[in-house]
Amino acid sequence: MSGSNGTDESPHEHDDARTENVGSAAESAREAEGASAPTERFEAVDPHREVAEAKASSVTEAQASDVTGPQAEVPQPAAAEAPEASGPAETQVGEPKTEAMAAPQAPAEVRAESTEQVAPTNTDQTAPTGVDEAPTENVHPSEAPTAVIPVVAPGNRAPGDGSSAATDRLLRSQGEQNPAQPGPAQPGPEQPGAPVPPTSTAMPSSAHSPQGDQPTQQMQAGPPPQGPPPVTPPPTGGPGGSGGDGDEPGKPGSNLPRRTIALVVGGVVALLALFYVADLALSSGKVPRGVTVAGVEIGGMSLDAAETELTEQLTPRLDMPVDVTAGDTQGQIVPSEAGIGIDWPATLDQVGSQPLNPFTRLASFFGNDEVGVVSTRDEAALAAAIEKAAAAAAHEPREGNIVFEDGTPVPVTPQPGQQLDVAVAGDVFAERWPYGDVSLPVESVDVTVTREGLDRALAEVAVPAVAQDLVVRGLDGAVGVLPRDAVGAVLSFVPDGSGGLEPQYDTEAAIGILAPQLAPSETEPKDARIVLDGGRPTIVPSETGEMVDWPVTLERLPDLLKEEGDRSTAAVYRKAEPELTTEGAEKLGIKEVVSEFTTSGFEYASGVNIRLAAQEINGAIVKPGETFSFNDYTGPRGAAQGYIESGIIEAGRPGKAVGGGISQLATTLYNATYFAGMEDVEHTEHSYYISRYPAAREATIYDGAIDLKFRNPFDTGVLIQTIGTSSDITVRIWGTKTVDVQSITGNRTNFTSPNTITLPAGSACIPSSGAQGFTVTDTRIVTDARTGAQISNATRTVRYDPVPIVKCISPEPEPSDEPSGGGDDATSGDTGAQDAEAEDAPAPAPESPAAEAPAAEAPAAGGTEEE
């Protein structure tokens, strides 16, 4: 609470306790007037009421006068216990008013009364611990001590000084001492004329006490009256207040530090402004501070000096190799060779002008601003250089796998692949080349096999599989062994899609290793054969065999390769039926000769080869609907099979090679099947005409290049019989005759003359007098053998090239001008006969020929064409 002794309204906290005023005349005069001057009375603070905190609001003069003015009188209680007043009650002597009367800590419950000191009405309530007892003897009002109530600023309060927190503590302590005491009445406006219960205030015994500055001790005198609401304290400031400029140094509210701060801040700002202006003026027209281009510092230079410095530093870099990294690969690219140059105007434009932002200018003292180089680029040259780097950098992902090396499983670590985006990589290189090291962006291609899955397959499958050999036991003590060092041919792995490896077992590879070892325990089935015994077909019955059923035997192969003990299993055998059974042979209807054709006039070497090939196809059976292939049936025809060198057609002229002359057997077989009514699937005429063959009805052959194929279109089978002698070859077709075939050869037309070839004399040169080329047709008419009805009529047109004139230049006498006869028998002794055949007049053309087939094209020159 705030208050005064009625004689001084100073706002300072300790003015009433100053010792220098104790003996003053003014104080003595006022004490002498004690009978007429009423003693101030202070109402005790209700501990249950909330003490209002000081607010920064003004209190009106009327509110302040309620505390100290004459209008603040309150009706006095009965003075039964007070001594008789020496004079009539007077109003409180007016003193100079100050705004301290409305100090922030002045409670509104203080009331001045012109009455004698009254004892507390509630004798049951005791003062809090530490509070002096009030005097019990009667004291004359003129001798009553003056209470000094210090005025404490809100910021300088000490605990227990009447603040809200202190009041709360006081309320709690009183509540503990008097738990049955009723709560205080709620504050409200005071009713006019309502009596105020007497209160007593414990005060120091003398105003001259050495503890005059201590806070006034208070006691609860009884239930407080319903007083007016708390008075809002006046605002600080004004004359003598805490907010004025006239505050003394060190007093609360003094703003001397504010002035000092303002002066210091103003000085700093002025200094910074001066520095900013000076820095801006000195750097005008220069490159901003801290600017670098590709690592070259040009900050603070003039633009001309900066351009010179950059030209000297960066131009040589165009011809220096730049290290290029693309994922896990490295290489080098020379910028100038990749079409890279420097755009100097654009590069200098990036430098910019002096910044006006003071913070930017300040930051330039502590760092660099890299602006880079603007490059020119030849798109084609740059793309070529990047694509070369991309080809080196790109690689497919390598999935984890297990391979076997000498019987040992070796894990292949999975490795992701990578790809290089050429367009993006070109942009990156064009931007980063000046720095000497460019990292090109790559896209990773993930793998599916994890390291864990690889290790699991290795430990659980691969390693156990090679632990020992696998044994398959057959009949009659036969044994097949799959050695552990051959397991890699049978066992492989593929990704399973879940990060692991799935084992794959190649049973065919296992059969290839095991079957030959168990072959002695097997009995091969034998097909029924049709032999020509006594000039008639005879059927030799078929035989059923007993073979290892390998798919069944190797069903347990995965489990066998994991077993830790004896890895052996018994071979499972099955009955093997022949492809052609006795019953099947009887149904083929091979009982008579359907057709036959003979050719002759070959030399000795050609005859050897012809008879070897004829033996291969002799007895061949072509079932209904099957297609016969000459090359497939005979197989390779080389020196290993007994064939020797003989005449061929090579590069359009006569030559020699191993297996030559067999085209005569092909021509003989073609004519036999032609007249048997077989369907022509594939055949090729010689590139030039050979007089011993029928024109437009002959065929050549060459191992692996030119084949002869026909199909059996009938419901019965056919058998091929070959009969060879030293001078001719005959082919017969046995079966059931159902058709008749007629051949009509057309006239020769479109003759062409031969050219002349000169070669060095030697074994490679076969002289020839040459022959004309021409075009001829052949018409085949097929009719039903029983009814004579025509089944088909087809014409084939063939164009033959001329036989070149070959001259062998040597010191030896020139060969005779007689033609050699050409073909694959250029060296035979039948040259005259062949020439005579070549000069025979062509057969007359048919009256109503069928439409001509396309002409047969000769093989390309430069290689071996025909035998």
# chains A, B, ... in the order shown; residues from 1 in each chain; ligands from 1
call {"tool": "select_by_dssp", "arguments": {"residues": "region 669-703 of chain A", "states": "helix (DSSP H, G or I)", "output": "PyMOL selection string"}}
result
chain A and resi 669-675
call {"tool": "residues_around", "arguments": {"residues": "region 523-539 of chain A", "least_positions_apart": "2", "cutoff": "8 Å", "atoms": "only C-alpha atoms", "output": "number ranges by chain"}}
result
A: 520-521, 541-547, 576-582, 585-586, 590-592, 619
call {"tool": "write_last_selection", "arguments": {"atoms": "N, CA and C atoms", "output": "PDB file, in the first residue's frame"}}
result
ATOM      1  N   PRO A 520      26.773-100.829 -74.600  1.00  0.00           N
ATOM      2  CA  PRO A 520      26.913-102.294 -74.723  1.00  0.00           C
ATOM      3  C   PRO A 520      25.793-103.068 -74.057  1.00  0.00           C
ATOM      4  N   SER A 521      25.102-102.456 -73.115  1.00  0.00           N
ATOM      5  CA  SER A 521      24.018-103.173 -72.437  1.00  0.00           C
ATOM      6  C   SER A 521      22.693-103.003 -73.158  1.00  0.00           C
ATOM      7  N   PRO A 541      12.191-109.093 -91.712  1.00  0.00           N
ATOM      8  CA  PRO A 541      11.413-108.622 -90.548  1.00  0.00           C
ATOM      9  C   PRO A 541      12.219-107.680 -89.641  1.00  0.00           C
ATOM     10  N   SER A 542      11.476-106.860 -88.953  1.00  0.00           N
ATOM     11  CA  SER A 542      12.073-105.915 -87.998  1.00  0.00           C
ATOM     12  C   SER A 542      12.360-106.614 -86.677  1.00  0.00           C
ATOM     13  N   GLU A 543      13.169-105.954 -85.822  1.00  0.00           N
ATOM     14  CA  GLU A 543      13.513-106.493 -84.510  1.00  0.00           C
ATOM     15  C   GLU A 543      13.298-105.407 -83.446  1.00  0.00           C
ATOM     16  N   THR A 544      12.670-105.832 -82.323  1.00  0.00           N
ATOM     17  CA  THR A 544      12.453-104.907 -81.197  1.00  0.00           C
ATOM     18  C   THR A 544      13.706-104.867 -80.342  1.00  0.00           C
ATOM     19  N   GLY A 545      14.071-103.680 -79.902  1.00  0.00           N
ATOM     20  CA  GLY A 545      15.263-103.513 -79.086  1.00  0.00           C
ATOM     21  C   GLY A 545      14.945-103.244 -77.631  1.00  0.00           C
ATOM     22  N   GLU A 546      15.992-103.147 -76.803  1.00  0.00           N
ATOM     23  CA  GLU A 546      15.874-102.801 -75.376  1.00  0.00           C
ATOM     24  C   GLU A 546      16.893-101.702 -75.090  1.00  0.00           C
ATOM     25  N   MET A 547      16.362-100.547 -74.795  1.00  0.00           N
ATOM     26  CA  MET A 547      17.210 -99.369 -74.633  1.00  0.00           C
ATOM     27  C   MET A 547      16.999 -98.753 -73.256  1.00  0.00           C
ATOM     28  N   ALA A 576      12.174-100.961 -77.219  1.00  0.00           N
ATOM     29  CA  ALA A 576      12.328 -99.969 -78.284  1.00  0.00           C
ATOM     30  C   ALA A 576      11.824-100.560 -79.590  1.00  0.00           C
ATOM     31  N   GLU A 577      10.740-100.020 -80.103  1.00  0.00           N
ATOM     32  CA  GLU A 577      10.175-100.498 -81.361  1.00  0.00           C
ATOM     33  C   GLU A 577      10.911 -99.838 -82.533  1.00  0.00           C
ATOM     34  N   PRO A 578      11.087-100.555 -83.632  1.00  0.00           N
ATOM     35  CA  PRO A 578      11.728 -99.986 -84.826  1.00  0.00           C
ATOM     36  C   PRO A 578      10.813 -98.982 -85.511  1.00  0.00           C
ATOM     37  N   GLU A 579      11.416 -98.093 -86.270  1.00  0.00           N
ATOM     38  CA  GLU A 579      10.608 -97.101 -86.985  1.00  0.00           C
ATOM     39  C   GLU A 579       9.785 -97.757 -88.086  1.00  0.00           C
ATOM     40  N   LEU A 580      10.350 -98.763 -88.742  1.00  0.00           N
ATOM     41  CA  LEU A 580       9.605 -99.470 -89.777  1.00  0.00           C
ATOM     42  C   LEU A 580       9.460-100.929 -89.349  1.00  0.00           C
ATOM     43  N   THR A 581       8.282-101.250 -88.951  1.00  0.00           N
ATOM     44  CA  THR A 581       8.018-102.630 -88.532  1.00  0.00           C
ATOM     45  C   THR A 581       7.738-103.499 -89.758  1.00  0.00           C
ATOM     46  N   THR A 582       7.666-104.809 -89.514  1.00  0.00           N
ATOM     47  CA  THR A 582       7.375-105.735 -90.600  1.00  0.00           C
ATOM     48  C   THR A 582       6.018-105.431 -91.216  1.00  0.00           C
ATOM     49  N   ALA A 585       6.250-102.320 -93.360  1.00  0.00           N
ATOM     50  CA  ALA A 585       6.911-102.554 -94.646  1.00  0.00           C
ATOM     51  C   ALA A 585       5.977-103.216 -95.640  1.00  0.00           C
ATOM     52  N   GLU A 586       5.150-104.137 -95.171  1.00  0.00           N
ATOM     53  CA  GLU A 586       4.213-104.812 -96.061  1.00  0.00           C
ATOM     54  C   GLU A 586       3.181-103.843 -96.621  1.00  0.00           C
ATOM     55  N   ILE A 590       5.671-101.798-101.976  1.00  0.00           N
ATOM     56  CA  ILE A 590       6.843-101.807-102.856  1.00  0.00           C
ATOM     57  C   ILE A 590       6.941-103.207-103.478  1.00  0.00           C
ATOM     58  N   LYS A 591       6.555-103.285-104.763  1.00  0.00           N
ATOM     59  CA  LYS A 591       6.460-104.600-105.391  1.00  0.00           C
ATOM     60  C   LYS A 591       6.928-104.629-106.836  1.00  0.00           C
ATOM     61  N   GLU A 592       7.117-103.478-107.464  1.00  0.00           N
ATOM     62  CA  GLU A 592       7.470-103.462-108.873  1.00  0.00           C
ATOM     63  C   GLU A 592       8.308-102.237-109.209  1.00  0.00           C
ATOM     64  N   GLY A 619      18.769 -98.575-101.617  1.00  0.00           N
ATOM     65  CA  GLY A 619      17.866 -99.172-100.653  1.00  0.00           C
ATOM     66  C   GLY A 619      17.089 -98.147 -99.830  1.00  0.00           C
TER      67      GLY A 619
END
call {"tool": "residues_around", "arguments": {"residues": "Glu387 (chain A)", "least_positions_apart": "5", "cutoff": "12 Å", "atoms": "only C-alpha atoms", "output": "VMD selection string"}}
result
chain A and resid 326 333 338 379 to 382 392 to 394 419 to 426 440
call {"tool": "residues_around", "arguments": {"residues": "Arg289 (chain A)", "least_positions_apart": "3", "cutoff": "6 Å", "atoms": "only C-alpha atoms", "output": "list in words"}}
result
Gly299, Gly300 and Ser364 of chain A
call {"tool": "write_last_selection", "arguments": {"atoms": "C-alpha atoms", "output": "PDB file, in the first residue's frame"}}
result
ATOM      1  CA  GLY A 299      37.495  -9.616 -59.214  1.00  0.00           C
ATOM      2  CA  GLY A 300      38.542  -5.959 -59.006  1.00  0.00           C
ATOM      3  CA  SER A 364      32.058 -10.407 -51.427  1.00  0.00           C
TER       4      SER A 364
END
call {"tool": "residues_around", "arguments": {"residues": "Leu318 (chain A)", "least_positions_apart": "2", "cutoff": "10 Å", "atoms": "only C-alpha atoms", "output": "MDAnalysis selection string"}}
result
chainID A and resid 314:316 320:322 334:342 433:434 436
call {"tool": "residues_around", "arguments": {"residues": "Ser792 (chain A)", "least_positions_apart": "6", "cutoff": "9 Å", "atoms": "only C-alpha atoms", "output": "JSON, numbers by chain"}}
result
{"A": [780, 781, 782, 783]}
call {"tool": "write_last_selection", "arguments": {"atoms": "N, CA, C and O atoms", "output": "mmCIF file, in the first residue's frame"}}
result
data_model
loop_
_atom_site.group_PDB
_atom_site.id
_atom_site.type_symbol
_atom_site.label_atom_id
_atom_site.label_comp_id
_atom_site.auth_asym_id
_atom_site.auth_seq_id
_atom_site.Cartn_x
_atom_site.Cartn_y
_atom_site.Cartn_z
ATOM 1 N N ARG A 780 6.467 -81.687 -118.827
ATOM 2 C CA ARG A 780 6.151 -82.997 -118.263
ATOM 3 C C ARG A 780 4.647 -83.143 -118.186
ATOM 4 O O ARG A 780 3.964 -82.295 -117.579
ATOM 5 N N ILE A 781 4.170 -84.264 -118.768
ATOM 6 C CA ILE A 781 2.733 -84.554 -118.757
ATOM 7 C C ILE A 781 2.535 -85.838 -117.957
ATOM 8 O O ILE A 781 3.117 -86.889 -118.278
ATOM 9 N N VAL A 782 1.715 -85.788 -116.887
ATOM 10 C CA VAL A 782 1.442 -86.916 -116.005
ATOM 11 C C VAL A 782 0.006 -87.352 -116.229
ATOM 12 O O VAL A 782 -0.932 -86.542 -116.142
ATOM 13 N N THR A 783 -0.178 -88.693 -116.494
ATOM 14 C CA THR A 783 -1.518 -89.244 -116.693
ATOM 15 C C THR A 783 -1.717 -90.434 -115.798
ATOM 16 O O THR A 783 -0.757 -91.062 -115.315
#
call {"tool": "select_by_dssp", "arguments": {"residues": "region 245-350 of chain A", "states": "strand (DSSP E)", "output": "JSON, numbers by chain"}}
result
{"A": [291, 292, 293, 296, 297, 322, 323, 324, 325, 326, 329, 330, 331, 332, 333, 340, 341, 342]}
call {"tool": "closest_atom_pairs", "arguments": {"of": "region 515-625 of chain A", "to": "region 448-460 of chain A", "cutoff": "12 Å", "atoms": "only C-alpha atoms", "output": "tab-separated table"}}
result
residue	atom	partner	partner_atom	distance
A:Pro558	CA	A:Glu460	CA	11.7
A:Asp559	CA	A:Glu460	CA	11.8
A:Leu561	CA	A:Glu460	CA	10.8
A:Lys562	CA	A:Glu460	CA	8.4
A:Glu563	CA	A:Glu460	CA	11.4
